[in-house]
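A.B. asks: The structure's right below; bear with me while I get my questions together.
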Amino acid sequence: MGAGVIDGSLVFGEVLRTQFHGYSLTAGDDVLPFNLPTDVFVNDHYFFGKGLGVAKKSGRMDFAAFGGATSLALGAPYFSAARAKQPFGLFFAQFQQSPQLRFVIRTIASEKQTVLMGMEWSPRKWLSYSFSGGRGADTPYLANAVTIERGKLTFKAAYISADQNFQRIGTQSTPLVSEPIKDNLYLGLRPLPNFSFSLSRQNVLSPLTADQPSLEGTIH
């Protein structure tokens, strides 16, 4: 817990974490990861929240719930804080059906609603297929991805169907992270221990603000 002055305003930062009968409890500021099984190109999606959270892992099932408000993170050397913005409630869950198959659900209730479900199937250690679908910030979303990791070869392919209004959580305070869209390909080869090369094609949505359509671009 701490307090400070940033840009002339008094701000507070606090977080309390504890364990209670196998449950992980959080109160205060937290970083909330928001990844899907199909995030084979960008897997660092997250947003900031201020409120109360509970999480538990039990056998093949784990879940996390959080309620409060999205927050705008503020930082300074040796100190961090956040300002509450948009009220929201979150429920994330994952079920490990078997070592090769898992299912996930991501739901957020806020000004705009998000309900996304996904699965990942790994029939071999070097091969995985994943699927995600639903609605993000009231916008349809559908994604398929394949990953191959075998010896000196890495191959990733994904196709994502989403329009320029898609966001995982549509609030002003969400960190603006680019989203892959349409066809995305990556091929990496390592023929020698000290030599490797790769070929890639990525289509992305780059958000400007949370309430404006994202810009679409292609990277080779």
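Numbering starts fresh at 1 for the residues of each chain in the structure tokens, the chains themselves are lettered A, B, ... in the order given, and ligands are numbered from 1 as they appear.
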Tell me, as number ranges by chain, which residues lie within 9 Å of A:Ser178, counting only C-alpha atoms; anything in the same chain fewer than 5 positions away does not count.
C.D. replies: A: 42, 204-207, 214
A.B. asks: Taking only C-alpha atoms into account, produce a table as JSON lines in which each residue of stretch 111-199 of chain A with an atom at most 8 Å from an atom of stretch 93-102 of chain A appears once, together with its shortest atom pair and the distance in Å to one decimal, ordered by chain and rising number.
C.D. replies:
```
{"residue": "A:Met119", "atom": "CA", "partner": "A:Arg102", "partner_atom": "CA", "distance": 5.6}
{"residue": "A:Glu120", "atom": "CA", "partner": "A:Arg102", "partner_atom": "CA", "distance": 5.4}
{"residue": "A:Trp121", "atom": "CA", "partner": "A:Leu101", "partner_atom": "CA", "distance": 4.6}
{"residue": "A:Ser122", "atom": "CA", "partner": "A:Gln100", "partner_atom": "CA", "distance": 4.7}
{"residue": "A:Pro123", "atom": "CA", "partner": "A:Gln100", "partner_atom": "CA", "distance": 5.9}
{"residue": "A:Arg124", "atom": "CA", "partner": "A:Gln100", "partner_atom": "CA", "distance": 7.9}
```
A.B. asks: Write the residues you've just listed into a file as a CSV table (one decimal), in the first residue's frame, and include C-alpha atoms for each of them.
C.D. replies:
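Generated file (again22.csv):
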```csv
chain,number,residue,atom,x,y,z
A,119,MET,CA,-10.3,-25.2,-26.7
A,120,GLU,CA,-6.8,-26.6,-27.4
A,121,TRP,CA,-6.1,-30.1,-28.6
A,122,SER,CA,-2.6,-31.5,-28.6
A,123,PRO,CA,-2.7,-35.1,-30.2
A,124,ARG,CA,1.1,-35.1,-30.3
```
A.B. asks: Go through A:Ile169, A:Leu16, A:Leu199, A:Ala55 and flag the residue nearest A:Pro87, using only C-alpha atoms for the distances.
C.D. replies: A:Ile169
A.B. asks: I want to know what sits within 6 Å of stretch 145-158 of chain A, based on only C-alpha atoms, with residues of the same chain fewer than 6 positions away left out; could you give that as an MDAnalysis selection string?
C.D. replies: chainID A and resid 38 126:130 183:190
A.B. asks: Residues at most 9 Å from A:Phe166, counting only C-alpha atoms, excluding those fewer than 3 positions away in the same chain, as a list of chain:residue names?
C.D. replies: A:Arg135, A:Gly136, A:Ala137, A:Asp138, A:Thr139, A:Pro140, A:Tyr141, A:Ala162, A:Asp163, A:Ile169, A:Gly170, A:Glu179, A:Leu205, A:Pro213, A:Ser214
A.B. asks: Please return as JSON, numbers by chain: the residues of stretch 4-217 of chain A that backbone DSSP assigns to strand (DSSP E or B).
C.D. replies: {"A": [4, 5, 6, 9, 10, 11, 12, 13, 15, 16, 17, 18, 19, 20, 23, 24, 25, 26, 27, 28, 29, 30, 31, 32, 33, 46, 47, 48, 49, 50, 51, 52, 53, 54, 55, 56, 57, 58, 61, 62, 63, 64, 65, 66, 67, 68, 69, 70, 71, 72, 73, 74, 75, 76, 79, 80, 81, 82, 83, 84, 85, 86, 87, 88, 89, 90, 91, 92, 93, 94, 95, 96, 97, 98, 101, 102, 103, 104, 105, 106, 107, 108, 109, 114, 115, 116, 117, 118, 119, 120, 121, 122, 123, 124, 127, 128, 129, 130, 131, 132, 133, 134, 135, 136, 139, 140, 141, 142, 143, 144, 145, 146, 147, 148, 149, 150, 153, 154, 155, 156, 157, 158, 159, 160, 161, 162, 179, 180, 182, 183, 184, 185, 186, 187, 188, 189, 190, 191, 192, 195, 196, 197, 198, 199, 200, 201, 202, 203, 204, 205, 206, 215, 216, 217]}
